[in-house]
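Below you'll find the structure, written out as structure tokens, and then a few comments.
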Amino acid sequence: MKEPIPSDINKKHVLEAIERFDSGVKHNFADSTRYDLVHEGKRYPPKAILGLAAELAGGRQLGPGDFKGGVGSKCFRVLTTLGFSIQLKAPLLGRFVVGKTYNRRKDIHENYGGQQQGGICTPTDIPAIFLFTGQGGEDFGYNDGWDDAGIFRLFMCVFNQEPPQEPLASINNY
């Protein structure tokens, strides 16, 4: 689908869209989920602002289904090219509590994306790597855990091979 974002949106359109957003102009966008447009210390949903700016550029007000947002999208390219800052929602990763058990599918994959198979998940939209470990992995060649120096040792085994003697990754417990 060709995105209907007008090619002539300029900085003035975006600034006016921000003013309209602040004044409560009606639009169909929800709050952003992962990223915000940050202007003068205030955070805005990037798609909503671009949707409003499209109308000001002589087109129609765009809705949520008319174009995509997120890293690599035309929406983000237009806004950053015009000098606006797009930032990860803070604290997106700060929602985790040390010692709490999380459901991999519901708490991780539904919120952050990334690979759903294997012991490592690397979401594309956030600067994070999730490592999955648990009880019973030793039966399959895994012997993950914290060592006496406070380093998390991640051991992984490829089937039909001997388990490695050294960890593939280690994480300092800061």
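Residues in the structure tokens are numbered from 1 in each chain, the chains being A, B, ... in the order shown, and ligands are numbered from 1 in the order shown.
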
Long-range neighbours of stretch 50-66 of chain A as a PDB file with N, CA and C atoms, in the first residue's frame, 6 Å cut-off, only C-alpha atoms, 2 positions minimum in chain:
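Listing of around-v2.pdb after writing:
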ATOM      1  N   ILE A   9       4.888  18.101   3.377  1.00  0.00           N
ATOM      2  CA  ILE A   9       4.778  18.458   4.802  1.00  0.00           C
ATOM      3  C   ILE A   9       6.076  19.148   5.213  1.00  0.00           C
ATOM      4  N   HIS A  13       4.021  22.971   9.307  1.00  0.00           N
ATOM      5  CA  HIS A  13       2.837  22.105   9.411  1.00  0.00           C
ATOM      6  C   HIS A  13       2.890  21.267  10.693  1.00  0.00           C
ATOM      7  N   VAL A  14       4.067  20.726  10.981  1.00  0.00           N
ATOM      8  CA  VAL A  14       4.208  19.872  12.170  1.00  0.00           C
ATOM      9  C   VAL A  14       4.044  20.703  13.441  1.00  0.00           C
ATOM     10  N   ALA A  17       0.476  21.395  13.848  1.00  0.00           N
ATOM     11  CA  ALA A  17      -0.206  20.161  14.261  1.00  0.00           C
ATOM     12  C   ALA A  17      -0.028  19.936  15.761  1.00  0.00           C
ATOM     13  N   PHE A  29      -6.458   8.941  16.548  1.00  0.00           N
ATOM     14  CA  PHE A  29      -5.259   8.217  16.974  1.00  0.00           C
ATOM     15  C   PHE A  29      -5.285   7.915  18.464  1.00  0.00           C
ATOM     16  N   LYS A  47       2.466   9.465  15.145  1.00  0.00           N
ATOM     17  CA  LYS A  47       1.492   9.268  14.068  1.00  0.00           C
ATOM     18  C   LYS A  47       0.369  10.297  14.141  1.00  0.00           C
ATOM     19  N   ALA A  48      -0.089  10.632  15.322  1.00  0.00           N
ATOM     20  CA  ALA A  48      -1.159  11.624  15.461  1.00  0.00           C
ATOM     21  C   ALA A  48      -0.693  12.980  14.942  1.00  0.00           C
TER      22      ALA A  48
END

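Within 7 Å of stretch 69-86 of chain A there are Asn10, Lys11, Tyr35, Asp36, Leu37, Val38, Lys47, Leu50, Phe67 and Asp125 of chain A, counting only C-alpha atoms and ignoring same-chain residues fewer than 2 positions away.
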
Close residues, A:Gln115 itself excluded, 12 Å, only C-alpha atoms, min 2 positions apart in chain, as an MDAnalysis selection string: chainID A and resid 104:105 108:110 112:113 117:124 129:132

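The coordinates place atom CA of A:Ile5 at 9.9 Å from atom CA of A:Lys68.
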
Report as a VMD selection string: the residues of chain A with a DSSP assignment of helix (DSSP H, G or I), based on the backbone of this structure. chain A and resid 11 to 22 46 to 56 64 to 66 74 to 81 93 to 95 104 to 112 137 to 140

With N, CA and C atoms retained, could you export that selection as a tab-separated table (two decimals), in the first residue's frame?
chain	number	residue	atom	x	y	z
A	11	LYS	N	8.13	21.80	8.38
A	11	LYS	CA	8.24	21.99	9.83
A	11	LYS	C	7.08	22.85	10.37
A	12	LYS	N	6.66	23.86	9.61
A	12	LYS	CA	5.56	24.71	10.05
A	12	LYS	C	4.28	23.89	10.22
A	13	HIS	N	4.02	22.97	9.31
A	13	HIS	CA	2.84	22.10	9.41
A	13	HIS	C	2.89	21.27	10.69
A	14	VAL	N	4.07	20.73	10.98
A	14	VAL	CA	4.21	19.87	12.17
A	14	VAL	C	4.04	20.70	13.44
A	15	LEU	N	4.64	21.88	13.47
A	15	LEU	CA	4.49	22.74	14.66
A	15	LEU	C	3.03	23.14	14.87
A	16	GLU	N	2.33	23.45	13.78
A	16	GLU	CA	0.92	23.80	13.90
A	16	GLU	C	0.09	22.58	14.33
A	17	ALA	N	0.48	21.40	13.85
A	17	ALA	CA	-0.21	20.16	14.26
A	17	ALA	C	-0.03	19.94	15.76
A	18	ILE	N	1.16	20.24	16.28
A	18	ILE	CA	1.40	20.11	17.72
A	18	ILE	C	0.50	21.08	18.49
A	19	GLU	N	0.40	22.31	18.00
A	19	GLU	CA	-0.49	23.29	18.65
A	19	GLU	C	-1.94	22.81	18.63
A	20	ARG	N	-2.37	22.27	17.50
A	20	ARG	CA	-3.75	21.77	17.39
A	20	ARG	C	-3.96	20.58	18.33
A	21	PHE	N	-2.98	19.71	18.40
A	21	PHE	CA	-3.06	18.55	19.30
A	21	PHE	C	-3.20	19.04	20.74
A	22	ASP	N	-2.37	20.02	21.13
A	22	ASP	CA	-2.43	20.57	22.49
A	22	ASP	C	-3.77	21.23	22.79
A	46	PRO	N	3.73	10.31	17.61
A	46	PRO	CA	4.21	10.75	16.30
A	46	PRO	C	3.18	10.59	15.17
A	47	LYS	N	2.47	9.46	15.15
A	47	LYS	CA	1.49	9.27	14.07
A	47	LYS	C	0.37	10.30	14.14
A	48	ALA	N	-0.09	10.63	15.32
A	48	ALA	CA	-1.16	11.62	15.46
A	48	ALA	C	-0.69	12.98	14.94
A	49	ILE	N	0.51	13.36	15.29
A	49	ILE	CA	1.04	14.66	14.86
A	49	ILE	C	1.20	14.68	13.34
A	50	LEU	N	1.73	13.62	12.76
A	50	LEU	CA	1.89	13.60	11.31
A	50	LEU	C	0.53	13.55	10.62
A	51	GLY	N	-0.41	12.83	11.20
A	51	GLY	CA	-1.75	12.78	10.63
A	51	GLY	C	-2.40	14.15	10.58
A	52	LEU	N	-2.23	14.93	11.63
A	52	LEU	CA	-2.75	16.30	11.66
A	52	LEU	C	-1.98	17.22	10.72
A	53	ALA	N	-0.67	17.02	10.64
A	53	ALA	CA	0.16	17.85	9.75
A	53	ALA	C	-0.19	17.60	8.29
A	54	ALA	N	-0.60	16.39	7.95
A	54	ALA	CA	-0.97	16.07	6.56
A	54	ALA	C	-2.13	16.93	6.11
A	55	GLU	N	-3.09	17.15	6.99
A	55	GLU	CA	-4.23	17.99	6.65
A	55	GLU	C	-3.78	19.43	6.39
A	56	LEU	N	-2.86	19.90	7.22
A	56	LEU	CA	-2.36	21.27	7.07
A	56	LEU	C	-1.54	21.45	5.80
A	64	PRO	N	-5.21	6.47	11.67
A	64	PRO	CA	-4.23	5.46	12.08
A	64	PRO	C	-3.97	4.37	11.05
A	65	GLY	N	-4.99	4.00	10.28
A	65	GLY	CA	-4.81	2.93	9.30
A	65	GLY	C	-4.27	3.40	7.96
A	66	ASP	N	-4.07	4.70	7.80
A	66	ASP	CA	-3.61	5.24	6.52
A	66	ASP	C	-2.11	5.11	6.30
A	74	LYS	N	8.02	5.80	6.94
A	74	LYS	CA	8.04	7.12	6.30
A	74	LYS	C	7.64	8.19	7.32
A	75	CYS	N	6.71	7.87	8.20
A	75	CYS	CA	6.29	8.80	9.26
A	75	CYS	C	7.50	9.28	10.05
A	76	PHE	N	8.30	8.36	10.54
A	76	PHE	CA	9.46	8.73	11.35
A	76	PHE	C	10.52	9.44	10.50
A	77	ARG	N	10.70	9.02	9.24
A	77	ARG	CA	11.67	9.68	8.37
A	77	ARG	C	11.29	11.13	8.13
A	78	VAL	N	10.02	11.40	7.86
A	78	VAL	CA	9.57	12.77	7.62
A	78	VAL	C	9.82	13.62	8.87
A	79	LEU	N	9.40	13.13	10.02
A	79	LEU	CA	9.55	13.92	11.25
A	79	LEU	C	11.01	14.17	11.61
A	80	THR	N	11.86	13.16	11.50
A	80	THR	CA	13.27	13.36	11.87
A	80	THR	C	13.99	14.22	10.83
A	81	THR	N	13.63	14.09	9.55
A	81	THR	CA	14.23	14.93	8.51
A	81	THR	C	13.91	16.41	8.75
A	93	LEU	N	11.58	-0.14	29.30
A	93	LEU	CA	12.15	-1.34	29.89
A	93	LEU	C	12.17	-1.28	31.41
A	94	GLY	N	11.90	-0.13	31.98
A	94	GLY	CA	11.94	0.00	33.43
A	94	GLY	C	10.74	-0.58	34.13
A	95	ARG	N	9.88	-1.25	33.39
A	95	ARG	CA	8.67	-1.83	33.98
A	95	ARG	C	8.93	-3.17	34.66
A	104	ARG	N	6.53	-15.32	29.24
A	104	ARG	CA	7.30	-15.00	28.05
A	104	ARG	C	6.42	-14.48	26.91
A	105	ARG	N	5.33	-15.16	26.62
A	105	ARG	CA	4.46	-14.78	25.50
A	105	ARG	C	3.69	-13.47	25.80
A	106	LYS	N	3.05	-13.44	26.97
A	106	LYS	CA	2.18	-12.31	27.31
A	106	LYS	C	2.97	-11.06	27.68
A	107	ASP	N	3.97	-11.20	28.54
A	107	ASP	CA	4.68	-10.03	29.07
A	107	ASP	C	5.83	-9.55	28.18
A	108	ILE	N	6.41	-10.46	27.41
A	108	ILE	CA	7.56	-10.07	26.59
A	108	ILE	C	7.15	-9.91	25.12
A	109	HIS	N	6.75	-11.01	24.49
A	109	HIS	CA	6.50	-10.98	23.05
A	109	HIS	C	5.34	-10.08	22.64
A	110	GLU	N	4.26	-10.05	23.41
A	110	GLU	CA	3.13	-9.19	23.06
A	110	GLU	C	3.48	-7.71	23.17
A	111	ASN	N	4.41	-7.37	24.06
A	111	ASN	CA	4.78	-5.97	24.27
A	111	ASN	C	6.00	-5.52	23.49
A	112	TYR	N	6.94	-6.44	23.24
A	112	TYR	CA	8.21	-6.04	22.65
A	112	TYR	C	8.52	-6.70	21.32
A	137	GLY	N	16.60	-26.89	32.48
A	137	GLY	CA	17.38	-26.77	31.25
A	137	GLY	C	18.59	-27.67	31.20
A	138	GLU	N	19.06	-28.09	32.37
A	138	GLU	CA	20.24	-28.94	32.42
A	138	GLU	C	20.03	-30.25	31.66
A	139	ASP	N	18.79	-30.74	31.61
A	139	ASP	CA	18.49	-31.96	30.86
A	139	ASP	C	18.76	-31.79	29.37
A	140	PHE	N	18.80	-30.54	28.91
A	140	PHE	CA	18.97	-30.26	27.49
A	140	PHE	C	20.30	-29.56	27.20
